[in-house]
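Text of start-v5.csv, listed as CSV, C-alpha atoms:
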chain,number,residue,atom,x,y,z
L,12,MET,CA,9.5,20.2,-5.1
L,13,ALA,CA,7.4,20.6,-8.2
L,14,SER,CA,6.5,24.2,-8.9
L,15,SER,CA,3.0,25.3,-9.9
L,16,PRO,CA,2.5,26.6,-13.5
L,17,ASP,CA,2.2,30.4,-13.9
L,18,VAL,CA,-1.4,31.5,-13.8
L,19,PRO,CA,-2.4,34.9,-15.4
L,20,SER,CA,-3.4,37.5,-12.8
L,21,ALA,CA,-6.9,39.1,-12.9
L,22,GLY,CA,-7.1,41.8,-15.5
L,23,ASN,CA,-3.9,40.8,-17.3
L,24,THR,CA,-5.1,37.8,-19.3
L,25,PRO,CA,-3.5,38.1,-22.8
L,26,ASP,CA,-5.7,38.0,-25.9
L,27,ILE,CA,-5.5,34.7,-27.7
L,28,PRO,CA,-5.9,35.1,-31.5
L,29,GLY,CA,-8.8,33.1,-32.9
L,30,SER,CA,-10.3,32.6,-29.4
L,31,ASP,CA,-14.1,32.0,-29.6
L,32,THR,CA,-14.6,32.6,-25.9
L,33,PRO,CA,-17.6,35.0,-25.7
L,34,PRO,CA,-17.5,37.9,-23.3
L,35,GLU,CA,-20.3,36.5,-21.2
L,36,ALA,CA,-18.1,33.5,-20.4
L,37,GLN,CA,-15.8,35.7,-18.4
L,38,ASN,CA,-16.5,36.7,-14.8
L,39,ALA,CA,-16.2,40.2,-13.4
L,40,ALA,CA,-12.4,39.8,-13.0
L,41,GLY,CA,-12.0,38.9,-16.7
L,42,THR,CA,-11.2,35.2,-15.9
L,43,THR,CA,-12.7,32.4,-18.1
L,44,ALA,CA,-13.9,29.1,-16.7
L,45,GLY,CA,-10.8,27.5,-18.3
L,46,ASP,CA,-8.6,29.7,-16.2
L,47,ARG,CA,-10.4,28.7,-13.1
L,48,ARG,CA,-10.0,25.0,-13.9
L,49,GLY,CA,-6.3,25.7,-14.5
L,50,ARG,CA,-5.9,27.2,-11.0
L,51,VAL,CA,-7.6,24.2,-9.5
L,52,ARG,CA,-5.3,21.8,-11.3
L,53,ALA,CA,-2.3,23.9,-10.2
L,54,ARG,CA,-3.4,23.7,-6.5
L,55,ARG,CA,-3.9,19.9,-6.8
L,56,ALA,CA,-0.5,19.5,-8.3
L,57,ALA,CA,1.1,21.5,-5.5
L,58,VAL,CA,-0.6,19.3,-2.8
L,59,MET,CA,0.4,16.1,-4.5
L,60,ALA,CA,4.1,17.2,-4.5
L,61,VAL,CA,4.3,17.5,-0.8
L,62,PRO,CA,6.1,14.5,0.7
L,63,ALA,CA,4.6,12.4,3.6
L,64,THR,CA,6.6,12.2,6.8
L,65,LEU,CA,7.0,8.7,8.4
L,66,VAL,CA,7.6,8.4,12.1
L,67,ALA,CA,8.9,5.2,13.6
L,68,ALA,CA,9.6,4.7,17.4
L,69,GLY,CA,13.3,3.8,17.8
L,70,LEU,CA,14.0,3.8,14.1
L,71,ALA,CA,15.6,6.6,12.1
L,72,VAL,CA,12.9,6.7,9.4
L,73,LEU,CA,13.4,9.8,7.2
L,74,THR,CA,11.0,12.0,5.2
L,75,ALA,CA,9.7,9.9,2.3
L,76,GLN,CA,8.0,10.3,-1.0
L,77,GLY,CA,7.4,7.1,-2.8
L,78,ALA,CA,4.9,4.3,-3.6
L,79,LEU,CA,4.0,2.3,-0.5
L,80,GLY,CA,2.2,-1.1,-0.6
L,81,VAL,CA,-0.9,0.3,1.1
L,82,GLN,CA,-2.5,3.6,0.2
L,83,PHE,CA,-5.8,3.4,2.1
L,84,ALA,CA,-6.9,4.0,5.7
L,85,ILE,CA,-6.7,0.8,7.7
L,86,SER,CA,-9.4,-0.3,10.1
L,87,GLY,CA,-6.9,-0.8,12.9
L,88,MET,CA,-8.1,-4.4,13.5
L,89,PRO,CA,-5.2,-6.9,13.0
L,90,PHE,CA,-5.9,-10.2,11.3
L,91,THR,CA,-4.0,-13.5,11.2
L,92,VAL,CA,-2.8,-15.2,8.0
L,93,THR,CA,-1.2,-18.7,7.8
L,94,ALA,CA,-0.1,-21.0,5.0
L,95,THR,CA,1.7,-24.3,5.0
L,96,GLU,CA,4.0,-22.8,2.3
L,97,LEU,CA,4.5,-19.6,0.4
L,98,ASN,CA,6.6,-19.4,-2.8
L,99,GLY,CA,7.3,-16.2,-4.6
L,100,THR,CA,9.4,-14.5,-7.2
L,101,GLY,CA,10.4,-10.8,-6.9
L,102,PHE,CA,10.5,-10.1,-3.2
L,103,GLU,CA,10.9,-6.8,-1.3
L,104,GLN,CA,10.6,-5.8,2.3
L,105,PHE,CA,10.9,-2.5,4.1
L,106,GLY,CA,9.4,-0.5,7.0
L,107,ALA,CA,6.4,1.7,6.6
L,108,LEU,CA,3.6,3.4,8.6
L,109,ASP,CA,-0.1,2.7,8.2
L,110,ASN,CA,-2.8,5.2,9.2
L,111,MET,CA,-6.3,4.7,10.4
L,112,ALA,CA,-9.3,6.8,9.5
L,113,ASP,CA,-9.7,10.0,11.5
L,114,GLY,CA,-11.6,9.3,14.8
L,115,SER,CA,-11.2,5.5,14.5
L,116,PRO,CA,-12.3,3.8,17.7
L,117,ASN,CA,-9.3,1.4,17.3
L,118,ALA,CA,-6.7,4.1,17.5
L,119,GLY,CA,-6.2,3.8,21.3
L,120,ASP,CA,-3.1,5.7,22.3
L,121,THR,CA,-1.3,5.1,19.0
L,122,GLY,CA,-2.5,8.3,17.4
L,123,GLY,CA,-4.1,6.2,14.7
L,124,GLN,CA,-0.8,4.9,13.3
L,125,VAL,CA,0.8,1.5,13.1
L,126,LEU,CA,4.5,0.8,12.4
L,127,VAL,CA,4.6,-2.2,10.0
L,128,VAL,CA,6.9,-4.2,7.7
L,129,THR,CA,5.7,-4.1,4.1
L,130,SER,CA,6.4,-7.3,2.2
L,131,ALA,CA,5.9,-7.1,-1.6
L,132,ILE,CA,6.0,-10.1,-3.9
L,133,LYS,CA,5.6,-9.9,-7.7
L,134,HIS,CA,4.1,-13.4,-8.1
L,135,ALA,CA,3.2,-15.7,-5.2
L,136,THR,CA,1.5,-19.0,-4.5
L,137,LEU,CA,0.2,-20.1,-1.1
L,138,THR,CA,-0.8,-23.6,0.0
L,139,LYS,CA,-3.6,-24.0,2.5
L,140,LEU,CA,-4.2,-20.3,3.1
L,141,CYS,CA,-6.1,-19.4,6.3
L,142,GLN,CA,-7.1,-15.8,7.3
L,143,SER,CA,-9.0,-14.9,10.5
L,144,VAL,CA,-10.2,-11.7,12.2
L,145,ASP,CA,-11.1,-11.7,15.9
L,146,LEU,CA,-14.5,-9.9,16.2
L,147,GLY,CA,-14.7,-10.3,19.9
L,148,GLY,CA,-16.3,-13.6,20.9
L,149,THR,CA,-16.2,-15.0,17.4
L,150,ASN,CA,-13.8,-15.1,14.4
L,151,LEU,CA,-14.4,-14.4,10.7
L,152,LEU,CA,-12.5,-17.3,9.1
L,153,ILE,CA,-11.5,-17.6,5.4
L,154,THR,CA,-9.7,-20.7,4.0
L,155,ALA,CA,-8.6,-21.5,0.4
L,156,GLY,CA,-6.1,-23.5,-1.6
L,157,GLY,CA,-6.5,-26.7,0.4
L,158,GLY,CA,-6.9,-28.9,-2.7
L,159,ALA,CA,-4.8,-29.5,-5.8
L,160,GLU,CA,-4.9,-25.8,-6.9
L,161,LYS,CA,-3.0,-23.3,-4.8
L,162,VAL,CA,-3.9,-19.7,-4.0
L,163,SER,CA,-2.1,-17.4,-6.4
L,164,ALA,CA,-1.5,-13.6,-6.3
L,165,THR,CA,0.3,-11.0,-8.4
L,166,ASP,CA,1.6,-7.7,-7.1
L,167,LEU,CA,0.9,-8.9,-3.5
L,168,THR,CA,1.8,-6.7,-0.6
L,169,THR,CA,1.2,-7.3,3.1
L,170,ASP,CA,1.7,-4.9,6.0
L,171,SER,CA,2.6,-6.9,9.1
L,172,THR,CA,3.6,-6.4,12.7
L,173,GLU,CA,4.7,-10.1,13.1
L,174,LEU,CA,5.9,-12.7,10.6
L,175,SER,CA,7.3,-16.1,11.3
L,176,GLY,CA,8.2,-19.3,9.4
L,177,ASP,CA,11.1,-21.2,7.9
L,178,ALA,CA,12.4,-18.9,5.1
L,179,ALA,CA,14.8,-19.3,2.2
L,180,PHE,CA,15.8,-16.6,-0.2
L,181,GLY,CA,17.4,-16.7,-3.7
L,182,ASN,CA,20.0,-14.0,-4.6
L,183,ILE,CA,19.1,-11.8,-1.6
L,184,GLU,CA,20.3,-8.2,-1.1
L,185,ILE,CA,20.2,-6.8,2.5
L,186,GLY,CA,20.6,-3.1,3.4
L,187,ASN,CA,19.2,-1.5,0.3
L,188,ASP,CA,17.7,2.0,0.4
L,189,ALA,CA,14.0,1.3,0.1
L,190,SER,CA,13.6,3.9,-2.6
L,191,THR,CA,15.9,1.9,-4.9
L,192,LEU,CA,14.1,-1.5,-4.8
L,193,THR,CA,13.5,-3.2,-8.2
L,194,LYS,CA,12.5,-6.8,-7.6
L,195,ALA,CA,8.7,-6.4,-7.0
L,196,GLY,CA,7.9,-3.1,-8.7
L,197,VAL,CA,7.3,-1.3,-5.3
L,198,LYS,CA,9.5,1.5,-4.0
L,199,GLY,CA,9.6,2.4,-0.3
L,200,PRO,CA,10.6,5.6,1.5
L,201,ILE,CA,14.0,7.1,0.9
L,202,GLY,CA,16.5,6.5,3.7
L,203,VAL,CA,14.7,3.4,5.0
L,204,PHE,CA,16.5,0.0,5.5
L,205,SER,CA,15.2,-2.7,3.2
L,206,GLN,CA,16.0,-6.0,1.5
L,207,GLN,CA,15.1,-7.8,-1.7
L,208,ALA,CA,15.5,-11.1,-3.4
L,209,ASP,CA,14.9,-12.9,-6.7
L,210,THR,CA,12.9,-15.7,-4.9
L,211,VAL,CA,11.4,-16.4,-1.5
L,212,ARG,CA,10.1,-19.6,0.1
L,213,ILE,CA,8.5,-19.6,3.6
L,214,ALA,CA,7.2,-22.8,5.1
L,215,HIS,CA,4.8,-22.7,8.1
L,216,LEU,CA,4.1,-19.0,7.4
L,217,ARG,CA,2.3,-17.0,10.1
L,218,GLN,CA,1.6,-13.3,9.9
L,219,THR,CA,-0.2,-10.6,11.9
L,220,ASN,CA,-1.3,-8.2,9.3
L,221,TYR,CA,-3.1,-4.8,9.2
L,222,ALA,CA,-3.5,-4.7,5.4
L,223,THR,CA,-3.1,-6.7,2.2
L,224,THR,CA,-3.4,-5.7,-1.4
L,225,ALA,CA,-3.0,-7.6,-4.7
L,226,GLY,CA,-3.4,-6.9,-8.4
L,227,VAL,CA,-4.9,-10.3,-8.9
L,228,PHE,CA,-5.8,-12.7,-6.0
L,229,LYS,CA,-7.2,-16.2,-6.9
L,230,LEU,CA,-8.6,-18.3,-4.1
L,231,PRO,CA,-9.7,-21.8,-5.2
L,232,GLY,CA,-11.9,-23.6,-2.8
L,233,LEU,CA,-12.8,-20.4,-0.9
L,234,LYS,CA,-14.8,-20.9,2.3
L,235,LEU,CA,-15.9,-18.0,4.5
L,236,ARG,CA,-17.6,-18.6,7.8
L,237,PHE,CA,-17.7,-17.7,11.5
L,238,SER,CA,-15.8,-19.9,13.9
L,239,ASP,CA,-15.0,-20.1,17.6
L,240,SER,CA,-11.3,-20.3,16.8
L,241,GLY,CA,-9.0,-18.5,14.4
L,242,CYS,CA,-6.1,-19.6,12.3
Re-express the file's structure as C-alpha cells.
Amino acid sequence: MASSPDVPSAGNTPDIPGSDTPPEAQNAAGTTAGDRRGRVRARRAAVMAVPATLVAAGLAVLTAQGALGVQFAISGMPFTVTATELNGTGFEQFGALDNMADGSPNAGDTGGQVLVVTSAIKHATLTKLCQSVDLGGTNLLITAGGGAEKVSATDLTTDSTELSGDAAFGNIEIGNDASTLTKAGVKGPIGVFSQQADTVRIAHLRQTNYATTAGVFKLPGLKLRFSDSGC
C-alpha cells in the first residue's frame, strides 16, 4: 500500500526561508492554503491506493489492483454484436466484474454487478458489423462496414457474457496470470486466469456485451435506425 506523505501538524509548521506567504494567508491554526491543498492531495492518493475486490460466483477471483477494460458504470442493458469476420493483432482475454450505477433499475437481484469476460485487441478489423439493443418492443440497430472498407478499431475492449464463432489464434498462451498480460496493453486482476495471443481471427462472430471501449473506432457506412428485429 502506498503511504501518504507527512503533513505538518497544526502549530508546528517550520519556517521556510525566503517565504513570501503573508500572515493573513494563514488560518487560525497557522496552516496556509498550500498546506490544506497538500492534505487533500494526500487523502486522494490514499483512496486511489486501495485495491478493488472482485467477486465471481464459482470462480476463485482474488483481490485485484489493475487496469481493466471498462472503467465506467454500465447501464445493465445487454446488447448484441455480430460480424461476419473479426481479425486482430494483440489479443488478451480474462474475467472481470462490471458494476452498474447505484440504484440502477436494471440491477434486479444481481446487486448491480455482472460477471464478464473482457476481450482486449490492440488492432482489430470487423466485416459487416451489426449492433442491436432491445428497448422493449423495438430495437436500436447500428450497422457498418458492409462495403469495401471494414470497421477498424485500436485498443478495443469488450465485456461479454457470451461469445461464439469459429476462432483461430496465432502463438496463443493459455493460463497466464491476468496481471502479467502484454499483448494488448491491458492488465487484468492479479490471480485471475487469462489467455493471450499474437493474432486472432473469429468468423461468424456473435457476442452478448455489456460494455465496449476503443481508443479509435472507425465505422464506414454507418447506419443507425429502429428495427423490429435485432442482429
Check your understanding: In Å, how far is it from CA of Asn182 in chain L to CA of Ile213 in chain L?
Key ->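 Atom-to-atom, CA of Asn182 in chain L to CA of Ile213 in chain L, that is 15.2 Å.
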A straight line from CA of Leu140 in chain L to CA of Ser205 in chain L spans 26.2 Å
With 10 Å as the threshold, what does the neighbourhood of (6.0, -16.5, -3.5) contain in terms of residues, counting only C-alpha atoms? Coordinates are those of the file; answer as a PyMOL selection string.
chain L and resi 96-102+131-137+163-165+167+210-213
* **Glu173 in chain L surroundings by all atoms listed in the file, 10 Å radius, close-in-sequence under 6 positions cut, as a list in words** =>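 Residues meeting the cut-off are Thr91, Val127, Val128, Arg217, Gln218, Thr219 and Asn220 of chain L.
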For the residues in the current selection, export C-alpha atoms as a compact mmCIF listing (two decimals), in the coordinates of the input.
# COMPACT_ATOMS: atom_id res chain seq x y z
CA THR L 91 -4.00 -13.50 11.20
CA VAL L 127 4.60 -2.20 10.00
CA VAL L 128 6.90 -4.20 7.70
CA ARG L 217 2.30 -17.00 10.10
CA GLN L 218 1.60 -13.30 9.90
CA THR L 219 -0.20 -10.60 11.90
CA ASN L 220 -1.30 -8.20 9.30
**Prompt:** If you measure from CA of Gly156 in chain L to CA of Ala214 in chain L, what distance in Å do you get, rounded to one decimal?
**Reply:**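 About the pair CA of Gly156 in chain L and CA of Ala214 in chain L: they are 14.9 Å apart.
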Report as a list in words all protein, DNA and RNA residues lying within 7 Å of Thr95 in chain L, evaluated on all atoms listed in the file, omitting residues in the same chain fewer than 5 positions from it.
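These residues fall inside the cut-off: Thr138, Lys139, Ala214, His215 and Leu216 of chain L.
The smallest atom-to-atom distance between Gly158 in chain L and any of L:Ala118, L:Leu230, L:Ile185, L:Leu174, using all atoms listed in the file, is found for L:Leu230.
Nearest-residue note for Ile153 in chain L: choosing from L:Thr93, L:Ser175, L:Ser86, L:Gln206, the minimum distance belongs to L:Thr93, counting all atoms listed in the file.
Residues lying within 12 Å of (-2.3, 2.4, 1.0). Counted over all atoms listed in the file, they are Gly77, Ala78, Leu79, Gly80, Val81, Gln82, Phe83, Ala84, Ile85, Ser86, Ala107, Leu108, Asp109, Asn110, Met111, Ala112, Thr129, Thr168, Thr169, Asp170, Gly199, Tyr221, Ala222, Thr223, Thr224 and Ala225 of chain L.
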With all atoms listed in the file as the counted atoms, please give the residues lying no more than 10 Å from Arg236 in chain L, apart from itself and same-chain residues fewer than 6 positions off, as a list in words. Ser143, Asn150, Leu151, Leu152, Ile153 and Thr154 of chain L
- From L:Gly123, L:Gly148, L:Gly87, L:Gly106, residue lying nearest Ser238 in chain L [all atoms listed in the file]: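 Selected residue with least distance to Ser238 in chain L: L:Gly148.
Distance check against Gly241 in chain L using all atoms listed in the file: of L:Gly181, L:Gly176, L:Gly147, L:Gly157, the minimum falls on L:Gly147.
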